[in-house]
Structures are given as structure tokens and as C-alpha cells.
file coords07.csv (CSV, C-alpha atoms and all ligand atoms)
chain,number,residue,atom,x,y,z
I,1,MET,CA,6.1,-7.3,16.3
I,2,SER,CA,3.5,-7.6,13.6
I,3,ARG,CA,4.7,-4.6,11.6
I,4,LYS,CA,7.0,-5.5,8.7
I,5,ASN,CA,10.1,-3.6,7.7
I,6,PHE,CA,10.2,-1.9,4.3
I,7,TYR,CA,11.2,-4.4,1.5
I,8,ALA,CA,9.6,-7.3,3.1
I,9,THR,CA,6.7,-8.4,0.9
I,10,ILE,CA,3.3,-7.9,2.5
I,11,SER,CA,0.5,-9.5,0.6
I,12,LEU,CA,2.5,-11.4,-2.0
I,13,ASN,CA,1.9,-15.2,-2.3
I,14,ARG,CA,5.3,-16.5,-3.5
I,15,ALA,CA,3.4,-19.5,-5.0
I,16,ALA,CA,6.3,-21.8,-4.1
I,17,ASN,CA,4.2,-24.9,-4.6
I,18,GLN,CA,3.3,-23.9,-8.2
I,19,ARG,CA,6.8,-22.8,-9.4
I,20,SER,CA,7.8,-26.2,-10.7
I,21,ASP,CA,4.5,-26.7,-12.5
I,22,ASP,CA,5.4,-25.8,-16.1
I,23,LYS,CA,1.7,-26.0,-17.2
I,24,TRP,CA,0.6,-23.6,-14.5
I,25,ILE,CA,3.5,-21.2,-15.3
I,26,SER,CA,2.7,-21.1,-19.0
I,27,GLU,CA,-1.0,-20.5,-18.2
I,28,GLN,CA,0.1,-17.5,-16.1
I,29,LEU,CA,2.4,-16.3,-18.9
I,30,SER,CA,-0.5,-16.3,-21.3
I,31,ASN,CA,-3.0,-14.7,-18.9
I,32,PRO,CA,-3.8,-11.1,-20.0
I,33,GLU,CA,-4.2,-10.2,-16.3
I,34,SER,CA,-0.5,-11.1,-15.5
I,35,LYS,CA,2.0,-8.4,-15.0
I,36,LEU,CA,5.7,-8.0,-15.9
I,37,LEU,CA,8.2,-6.0,-14.0
I,38,PRO,CA,11.3,-5.4,-16.1
I,39,VAL,CA,14.7,-4.8,-14.4
I,40,TRP,CA,17.4,-3.1,-16.5
I,41,ARG,CA,20.9,-2.9,-15.2
I,42,ASN,CA,19.7,-3.0,-11.5
I,43,HIS,CA,17.1,-0.3,-12.3
I,44,ASN,CA,13.4,-0.8,-11.9
I,45,LEU,CA,10.7,0.8,-14.1
I,46,PHE,CA,8.6,3.6,-12.5
I,47,THR,CA,5.7,5.7,-13.5
I,48,GLN,CA,6.5,9.3,-12.8
I,49,GLY,CA,3.5,11.4,-11.6
I,50,ASP,CA,3.4,13.5,-8.5
I,51,ASN,CA,5.1,10.5,-6.9
I,52,PHE,CA,7.0,7.5,-8.3
I,53,SER,CA,5.0,4.4,-8.5
I,54,MET,CA,5.6,0.8,-9.8
I,55,ALA,CA,5.2,0.5,-13.6
I,56,CYS,CA,3.7,-2.9,-14.7
I,57,LEU,CA,3.9,-4.1,-18.3
I,58,GLY,CA,1.6,-6.6,-19.9
I,59,LEU,CA,3.0,-10.0,-20.9
I,60,GLU,CA,2.6,-9.1,-24.5
I,61,HIS,CA,6.0,-7.3,-24.0
I,62,LEU,CA,7.9,-10.6,-23.5
I,63,ASN,CA,8.9,-11.1,-27.2
I,64,ALA,CA,10.2,-7.5,-27.5
I,65,LEU,CA,12.1,-7.7,-24.2
I,66,SER,CA,13.5,-11.2,-24.4
I,67,ASN,CA,16.8,-12.3,-26.1
I,68,GLY,CA,15.9,-15.9,-25.6
I,69,LYS,CA,18.2,-16.4,-22.6
I,70,ASN,CA,16.5,-14.1,-20.1
I,71,GLN,CA,13.6,-16.2,-18.9
I,72,PRO,CA,10.7,-14.5,-17.0
I,73,ILE,CA,10.9,-15.1,-13.2
I,74,LEU,CA,7.7,-15.8,-11.3
I,75,LEU,CA,7.7,-13.4,-8.3
I,76,GLY,CA,4.3,-14.7,-7.1
I,77,THR,CA,0.6,-13.8,-7.0
I,78,ILE,CA,-1.4,-11.0,-5.4
I,79,GLY,CA,-5.0,-12.0,-5.4
I,80,GLN,CA,-5.7,-13.5,-8.9
I,81,THR,CA,-2.8,-11.6,-10.5
I,82,SER,CA,0.6,-13.2,-11.3
I,83,TYR,CA,3.7,-11.1,-11.2
I,84,PHE,CA,6.7,-11.9,-13.3
I,85,SER,CA,10.0,-10.1,-13.7
I,86,ILE,CA,12.6,-10.2,-16.5
I,87,ASP,CA,16.1,-8.9,-16.8
I,88,ILE,CA,16.5,-6.7,-19.9
I,89,SER,CA,20.1,-5.5,-19.3
I,90,HIS,CA,21.1,-6.6,-22.8
I,91,LEU,CA,19.1,-3.7,-24.3
I,92,ASP,CA,20.9,-0.4,-24.8
I,93,ASN,CA,17.7,1.7,-25.0
I,94,PRO,CA,15.1,-0.4,-23.2
I,95,LYS,CA,12.3,2.1,-23.4
I,96,ASP,CA,12.3,1.7,-27.2
I,97,ASN,CA,11.0,-1.9,-26.7
I,98,ILE,CA,8.2,-0.8,-24.4
I,99,LEU,CA,4.9,-0.2,-26.2
I,100,TYR,CA,3.5,2.5,-23.9
I,101,ASN,CA,6.6,4.3,-22.7
I,102,SER,CA,5.4,7.8,-22.1
I,103,GLY,CA,5.7,8.8,-18.4
I,104,VAL,CA,7.8,5.8,-17.5
I,105,GLU,CA,11.4,5.8,-16.5
I,106,PHE,CA,14.1,3.3,-15.3
I,107,ALA,CA,15.5,4.5,-12.0
I,108,ASP,CA,17.4,3.2,-8.9
I,109,LEU,CA,15.1,2.0,-6.2
I,110,ARG,CA,17.7,2.9,-3.6
I,111,GLN,CA,17.1,6.5,-4.4
I,112,ILE,CA,13.3,6.3,-4.6
I,113,GLY,CA,12.4,3.6,-2.1
I,114,PRO,CA,11.8,5.9,0.9
I,115,ILE,CA,9.1,7.9,-0.9
I,116,MET,CA,7.2,4.9,-2.4
I,117,ASN,CA,4.2,2.9,-1.4
I,118,PRO,CA,5.9,0.1,0.6
I,119,GLU,CA,3.9,-2.7,-1.1
I,120,GLU,CA,5.2,-1.6,-4.5
I,121,GLY,CA,8.7,-0.9,-3.2
I,122,ASN,CA,8.8,-4.4,-1.8
I,123,LEU,CA,7.9,-6.1,-5.1
I,124,LEU,CA,10.5,-4.0,-7.0
I,125,ALA,CA,13.2,-4.8,-4.4
I,126,TYR,CA,12.4,-8.5,-4.8
I,127,ALA,CA,12.5,-8.3,-8.6
I,128,ARG,CA,15.8,-6.4,-8.5
I,129,GLY,CA,17.4,-8.9,-6.0
I,130,ILE,CA,16.4,-12.1,-7.8
I,131,ASN,CA,17.5,-10.7,-11.2
I,132,TYR,CA,20.9,-9.8,-9.7
I,133,TRP,CA,21.3,-13.3,-8.5
I,134,HIS,CA,20.6,-14.7,-12.0
I,135,GLN,CA,23.1,-12.3,-13.6
I,136,GLN,CA,25.8,-13.5,-11.1
I,137,HIS,CA,25.1,-17.2,-11.7
I,138,LEU,CA,25.1,-17.6,-15.5
I,139,HIS,CA,28.0,-20.1,-15.0
I,140,CYS,CA,28.1,-23.0,-12.6
I,141,GLY,CA,30.3,-22.3,-9.6
I,142,VAL,CA,31.3,-26.0,-9.5
I,143,CYS,CA,32.5,-26.7,-13.1
I,144,GLY,CA,32.2,-23.4,-14.9
I,145,ASN,CA,29.7,-24.5,-17.6
I,146,MET,CA,26.6,-22.5,-18.4
I,147,THR,CA,23.5,-22.8,-16.2
I,148,HIS,CA,19.8,-22.3,-17.1
I,149,SER,CA,16.8,-21.1,-15.1
I,150,GLU,CA,14.3,-23.5,-13.7
I,151,ALA,CA,11.3,-23.6,-11.3
I,152,GLY,CA,9.9,-20.2,-12.4
I,153,GLY,CA,13.3,-18.6,-12.0
I,154,HIS,CA,14.0,-19.9,-8.4
I,155,GLN,CA,16.9,-22.1,-9.2
I,156,ARG,CA,19.5,-22.6,-11.9
I,157,ARG,CA,20.8,-25.9,-13.1
I,158,CYS,CA,24.2,-26.6,-14.6
I,159,GLU,CA,23.9,-27.6,-18.3
I,160,ASP,CA,26.8,-30.2,-18.0
I,161,LYS,CA,25.0,-33.4,-17.4
I,162,SER,CA,27.8,-35.0,-15.5
I,163,CYS,CA,27.7,-32.0,-13.1
I,164,ASP,CA,24.0,-31.3,-13.0
I,165,THR,CA,24.4,-29.0,-9.9
I,166,VAL,CA,21.4,-27.0,-8.9
I,167,HIS,CA,22.1,-23.5,-7.6
I,168,PHE,CA,19.6,-21.6,-5.4
I,169,PRO,CA,19.3,-17.9,-4.8
I,170,ARG,CA,21.5,-16.9,-1.9
I,171,THR,CA,21.1,-14.2,0.7
I,172,ASP,CA,24.0,-12.7,2.7
I,173,SER,CA,23.2,-12.3,6.4
I,174,ALA,CA,24.3,-9.2,8.1
I,175,CYS,CA,23.7,-8.2,11.8
I,176,ILE,CA,22.7,-4.7,12.7
I,177,VAL,CA,22.6,-3.7,16.4
I,178,LEU,CA,21.5,-0.8,18.5
I,179,VAL,CA,24.0,-0.7,21.4
I,180,TYR,CA,22.8,1.2,24.5
I,181,ASN,CA,24.0,2.1,27.9
I,182,ASP,CA,21.7,3.9,30.3
I,183,ASP,CA,20.1,6.7,28.2
I,184,LYS,CA,22.6,6.7,25.4
I,185,ILE,CA,23.2,4.7,22.2
I,186,ILE,CA,26.2,4.4,19.9
I,187,LEU,CA,26.0,5.9,16.4
I,188,ALA,CA,28.9,5.7,14.1
I,189,ARG,CA,29.9,7.1,10.7
I,190,ALA,CA,31.5,5.2,7.9
I,191,GLY,CA,33.2,7.1,5.0
I,192,ARG,CA,30.7,5.6,2.5
I,193,PHE,CA,27.6,7.1,4.2
I,194,PRO,CA,25.8,10.1,2.8
I,195,ALA,CA,27.0,13.5,4.3
I,196,LYS,CA,26.3,13.9,8.0
I,197,MET,CA,24.6,10.4,8.4
I,198,GLN,CA,25.3,8.4,11.5
I,199,SER,CA,24.0,4.9,12.1
I,200,VAL,CA,24.0,1.9,14.4
I,201,LEU,CA,26.7,-0.7,13.9
I,202,ALA,CA,26.5,-3.6,11.4
I,203,GLY,CA,28.5,-6.3,9.8
I,204,PHE,CA,28.4,-9.5,7.8
I,205,LEU,CA,27.9,-13.0,9.4
I,206,GLU,CA,30.9,-15.3,8.8
I,207,PRO,CA,30.8,-19.1,8.2
I,208,GLY,CA,30.4,-21.1,11.3
I,209,GLU,CA,29.2,-18.1,13.4
I,210,ASN,CA,25.8,-17.6,15.0
I,211,LEU,CA,24.0,-14.3,14.8
I,212,GLU,CA,24.6,-13.3,18.4
I,213,ASP,CA,28.4,-14.0,18.1
I,214,CYS,CA,28.4,-11.9,15.0
I,215,VAL,CA,26.9,-9.0,16.8
I,216,ALA,CA,29.4,-9.3,19.6
I,217,ARG,CA,32.4,-9.7,17.3
I,218,GLU,CA,31.4,-6.8,15.0
I,219,VAL,CA,30.8,-4.3,17.8
I,220,PHE,CA,34.1,-5.3,19.5
I,221,GLU,CA,36.0,-5.0,16.2
I,222,GLU,CA,34.5,-1.7,15.3
I,223,VAL,CA,34.4,0.2,18.5
I,224,GLY,CA,36.0,-1.9,21.3
I,225,ILE,CA,32.8,-2.4,23.3
I,226,ASN,CA,31.8,-5.7,25.0
I,227,LEU,CA,28.1,-6.6,25.0
I,228,THR,CA,25.6,-8.4,27.1
I,229,ASP,CA,21.8,-8.9,26.7
I,230,ILE,CA,22.0,-9.3,22.9
I,231,VAL,CA,18.3,-9.6,21.9
I,232,TYR,CA,16.8,-10.1,18.5
I,233,GLN,CA,14.3,-7.4,17.3
I,234,HIS,CA,13.3,-7.9,13.7
I,235,SER,CA,14.8,-8.3,10.2
I,236,GLN,CA,14.7,-6.6,6.8
I,237,PRO,CA,15.5,-7.9,3.3
I,238,TRP,CA,18.0,-5.5,1.8
I,239,PRO,CA,18.5,-6.8,-1.8
I,240,PHE,CA,21.0,-4.1,-2.7
I,241,PRO,CA,22.4,-6.5,-3.9
I,242,SER,CA,21.6,-9.5,-1.7
I,243,SER,CA,21.5,-9.0,2.1
I,244,LEU,CA,19.2,-9.8,4.9
I,245,MET,CA,19.6,-7.4,7.8
I,246,VAL,CA,19.0,-9.1,11.2
I,247,GLY,CA,18.3,-6.5,13.8
I,248,PHE,CA,19.4,-6.7,17.5
I,249,ARG,CA,19.6,-4.6,20.6
I,250,ALA,CA,22.4,-5.1,23.1
I,251,ARG,CA,23.7,-3.5,26.3
I,252,ALA,CA,27.3,-2.2,26.5
I,253,LEU,CA,29.5,-3.4,29.4
I,254,ASN,CA,32.0,-0.6,28.9
I,255,THR,CA,31.7,2.9,27.4
I,256,ASP,CA,35.2,3.9,26.1
I,257,LEU,CA,34.8,3.9,22.3
I,258,HIS,CA,37.8,3.0,20.1
I,259,PRO,CA,36.5,3.3,16.5
I,260,ASP,CA,38.5,1.1,14.0
I,261,PRO,CA,39.9,3.7,11.5
I,262,LYS,CA,39.7,1.1,8.7
I,263,GLU,CA,35.9,0.9,9.2
I,264,LEU,CA,34.7,4.1,10.8
I,265,GLU,CA,35.4,7.8,10.6
I,266,SER,CA,33.9,8.3,14.1
I,267,ALA,CA,31.7,6.8,16.8
I,268,ASN,CA,30.0,8.5,19.7
I,269,TRP,CA,27.4,8.1,22.4
I,270,TYR,CA,24.2,10.1,21.9
I,271,SER,CA,21.4,10.7,24.4
I,272,ARG,CA,17.7,10.5,23.6
I,273,ASP,CA,17.4,14.3,24.0
I,274,GLU,CA,20.3,14.9,21.5
I,275,LEU,CA,18.7,12.6,18.9
I,276,LYS,CA,15.2,13.9,19.4
I,277,ALA,CA,16.5,17.5,18.8
I,278,ILE,CA,17.8,16.6,15.3
I,279,THR,CA,16.4,18.8,12.5
I,280,PRO,CA,17.2,18.7,8.7
I,281,ASP,CA,19.8,21.4,9.4
I,282,SER,CA,21.6,19.5,12.2
I,283,GLU,CA,25.2,18.4,11.9
I,284,ILE,CA,24.1,14.7,12.4
I,285,GLN,CA,21.4,13.0,10.4
I,286,LEU,CA,19.7,9.6,11.1
I,287,PRO,CA,19.6,6.8,8.5
I,288,ARG,CA,17.0,6.8,5.7
I,289,GLY,CA,13.4,6.2,6.6
I,290,ASP,CA,13.1,2.8,4.8
I,291,SER,CA,16.0,1.2,6.7
I,292,ILE,CA,15.9,-1.1,9.7
I,293,ALA,CA,18.6,1.1,11.2
I,294,ARG,CA,16.2,4.0,11.4
I,295,ARG,CA,13.5,1.8,12.9
I,296,LEU,CA,15.8,0.4,15.6
I,297,ILE,CA,16.7,4.0,16.6
I,298,GLU,CA,13.1,5.3,16.5
I,299,GLU,CA,11.8,2.4,18.6
I,300,TRP,CA,14.4,3.2,21.3
I,301,LEU,CA,13.7,6.9,21.2
I,302,ALA,CA,10.0,6.2,21.7
I,303,GLU,CA,10.6,4.2,24.9
I,304,GLU,CA,11.7,6.9,27.3
V,1,ZN,ZN,28.4,-27.5,-13.2
call {"tool": "encode", "arguments": {"input": "coords07.csv", "output": "C-alpha cells", "more": "lines below"}}
Ligand SMILES: [Zn+2]
result
Amino acid sequence: MSRKNFYATISLNRAANQRSDDKWISEQLSNPESKLLPVWRNHNLFTQGDNFSMACLGLEHLNALSNGKNQPILLGTIGQTSYFSIDISHLDNPKDNILYNSGVEFADLRQIGPIMNPEEGNLLAYARGINYWHQQHLHCGVCGNMTHSEAGGHQRRCEDKSCDTVHFPRTDSACIVLVYNDDKIILARAGRFPAKMQSVLAGFLEPGENLEDCVAREVFEEVGINLTDIVYQHSQPWPFPSSLMVGFRARALNTDLHPDPKELESANWYSRDELKAITPDSEIQLPRGDSIARRLIEEWLAEE
């Protein structure tokens, strides 16, 4: 299981041991080789050529892009190059503050991800996810006072000295499961899905619950199926805005589907032959190519 899912950083060194070294951080911020990845209102910056690619700015942009409150966040290093990100959502026309702005565009990675180089898509997803966390934690969840960024942007501390709570980036765990029985798997459709798309079942982990119990509960709630042989497969960061998808495979003990109408429009069993016959014109479509859902399905299809 060496292959990583899309949006898991590949060659990035997160430099966790250097984040709290202010001298090292300031050296990287003044290094002409360092790169800056701006995030504007959950949109990343892309270079538009034949394909979309990641647009990196030089650190000389910091003054023009900063309002004094939005500190650069250290993403990590690739080779000798340090990568930072900064939230510039306060700007109404962000391209006006970029020195070399021809051929670059802010866009939604969720639309572009599947056609990008994964290494670049991964970095952009990470930048978007950690900036989102900062936006949501400007105030202390304990006392309500302002917080400020620390440790290269990997924690926020309450500015009220009597509180002094440190907040860390959070990730919401979600289980996603391919449920099989003989030669068939369950695919379901939720109203929020793109037209025709069917996918495997998924749901969020609750406090005090382990991942396997979450899988069993979600599948029973959504389609009335009891499971056995619940086995972990692999995981995928999904920072849209802040999830980790934990992928499983499980065997159904019964086959009568009772889709919960509050969650699903439909749920059905599909055979390998039916799924292998899907074309772009078919009435059902599989999940997007950069998703763990798609990989769980394709791995099962390949096993015949
Ligand atoms: Zn506080």
C-alpha cells in the first residue's frame, strides 16, 4: 500500500522541528529561493497554460499581500526550498497586489484538482486547509478573546494572559467504506452529488467512537445493512474544508437495502460487469478521479 492518495503530500518535509525556531523561520522568509502560495477566500493561485499548474510567488510579495494580521504559514520544505502560504482574503482585487499577474488566476482546487499534477495539488490543498483553520480560529474557543499565530502558523495562542490557551489545527475524521457481497457492491446517491454520480457510503466519526464502529453505524443508519470483516484500506486528506477520509472495505451480512431518505436519494447493488461497462454517457457515473471513493471502487473492480 505504498501509493498515496491524492492530496497527501509526497515529497514535502513539514519541518516540524524547525517551526518554533523564529531565527530559522525569518531566515527562510528572507531567502530569495523561498516560495509563497497565497490563498484568497478558499481559492488557490494557478498558472493557466494548457493545464492548470501551481503558481508560486516570491517572498517580496509579503508586504503587498499582508495586512499585518495575516502571518505567513510555513508549509515545509522540498529540497532546499521553503514553502509558505498566506491568507489574503482581506483584499477585494488580490491580483492587483501581485507583481507578475499575467496568466495567473485564483480558482477553486475542488474544480481543478483532478487534472493537476498530484504533487502540486497536494501542496495547494494543504495551504487551503491550514488557512481555513486560521480563519475559523481568530478567537479563542475558551474565552472569546483574540488569538495569534505561532510556530510558523501551526498553532494559535489566546492573547488573554490569564487564559493563554493554545489551539492546534483540527481535522475531522470521516469513514468511507466499500460494502461488498459476492460480486456486488453498494453505491448510493446523495442529493448534493453532481448529476448521475453514485458513490460508496461515508460518514463522520462521533466522539467516543472508534473507526470500525463508525463504519458499522453509518452503513446501518444509511442503508440498513449489517457488516462484518471491516478492514482498513488507506486514507486521504480532504481539506475541503478539514476532513480526513479513512477508507475501509466491509462485507454485508444482509442485502435488503433501506436507504434513509434524509441522507440518500437511492442506494443499489452493482456488479463488477455493470460498473466496468460505465461510459461517459451512462446513467450512473463514478466519483471523481482524485477521490479515495474512486480508488476503493477501482481496486475492487481490478480484483476479479
Ligand atoms: Zn482564551
call {"tool": "closest_atom_pairs", "arguments": {"input": "coords07.csv", "of": "region 92-206 of chain I", "to": "region 8-31 of chain I", "cutoff": "12 Å", "atoms": "all atoms listed in the file", "output": "JSON lines"}}
result
{"residue": "I:Asn117", "atom": "CA", "partner": "I:Ile10", "partner_atom": "CA", "distance": 11.5}
{"residue": "I:Pro118", "atom": "CA", "partner": "I:Thr9", "partner_atom": "CA", "distance": 8.5}
{"residue": "I:Glu119", "atom": "CA", "partner": "I:Ile10", "partner_atom": "CA", "distance": 6.4}
{"residue": "I:Glu120", "atom": "CA", "partner": "I:Thr9", "partner_atom": "CA", "distance": 8.8}
{"residue": "I:Gly121", "atom": "CA", "partner": "I:Thr9", "partner_atom": "CA", "distance": 8.8}
{"residue": "I:Asn122", "atom": "CA", "partner": "I:Thr9", "partner_atom": "CA", "distance": 5.3}
{"residue": "I:Leu123", "atom": "CA", "partner": "I:Thr9", "partner_atom": "CA", "distance": 6.5}
{"residue": "I:Leu124", "atom": "CA", "partner": "I:Thr9", "partner_atom": "CA", "distance": 9.8}
{"residue": "I:Ala125", "atom": "CA", "partner": "I:Ala8", "partner_atom": "CA", "distance": 8.7}
{"residue": "I:Tyr126", "atom": "CA", "partner": "I:Thr9", "partner_atom": "CA", "distance": 8.1}
{"residue": "I:Ala127", "atom": "CA", "partner": "I:Thr9", "partner_atom": "CA", "distance": 11.1}
{"residue": "I:Ser149", "atom": "CA", "partner": "I:Ser20", "partner_atom": "CA", "distance": 11.2}
{"residue": "I:Glu150", "atom": "CA", "partner": "I:Ser20", "partner_atom": "CA", "distance": 7.7}
{"residue": "I:Ala151", "atom": "CA", "partner": "I:Ser20", "partner_atom": "CA", "distance": 4.4}
{"residue": "I:Gly152", "atom": "CA", "partner": "I:Arg19", "partner_atom": "CA", "distance": 5.0}
{"residue": "I:Gly153", "atom": "CA", "partner": "I:Arg19", "partner_atom": "CA", "distance": 8.2}
{"residue": "I:His154", "atom": "CA", "partner": "I:Arg19", "partner_atom": "CA", "distance": 7.8}
{"residue": "I:Gln155", "atom": "CA", "partner": "I:Ser20", "partner_atom": "CA", "distance": 10.1}
call {"tool": "residues_near_ligand", "arguments": {"input": "coords07.csv", "ligand": "ligand ZN 1 (chain V)", "cutoff": "12 Å", "atoms": "all atoms listed in the file", "output": "ChimeraX atom specification"}}
result
/I:137-148,156-167
call {"tool": "closest_residue", "arguments": {"input": "coords07.csv", "among": "I:Phe106, I:Phe52, I:Tyr7, I:Phe193", "to": "Leu286 (chain I)", "atoms": "all atoms listed in the file"}}
result
I:Phe193
call {"tool": "atom_distance", "arguments": {"input": "coords07.csv", "atom1": "CA of Thr228 (chain I)", "atom2": "CA of Trp300 (chain I)"}}
result
17.1 Å
call {"tool": "residues_around", "arguments": {"input": "coords07.csv", "residues": "region 82-87 of chain I", "least_positions_apart": "5", "cutoff": "10 Å", "atoms": "all atoms listed in the file", "output": "PyMOL selection string"}}
result
chain I and resi 12-15+25+28-29+31-44+56-59+62+65-67+69-77+123-124+126-128+130-132+134-135+152-153
call {"tool": "atom_distance", "arguments": {"input": "coords07.csv", "atom1": "CA of Gln136 (chain I)", "atom2": "CA of Pro237 (chain I)"}}
result
18.6 Å
call {"tool": "atom_distance", "arguments": {"input": "coords07.csv", "atom1": "CA of Pro239 (chain I)", "atom2": "CA of Gly129 (chain I)"}}
result
4.8 Å
call {"tool": "closest_residue", "arguments": {"input": "coords07.csv", "among": "I:His61, I:His90, I:His258, I:Arg110", "to": "Ala188 (chain I)", "atoms": "only C-alpha atoms"}}
result
I:His258
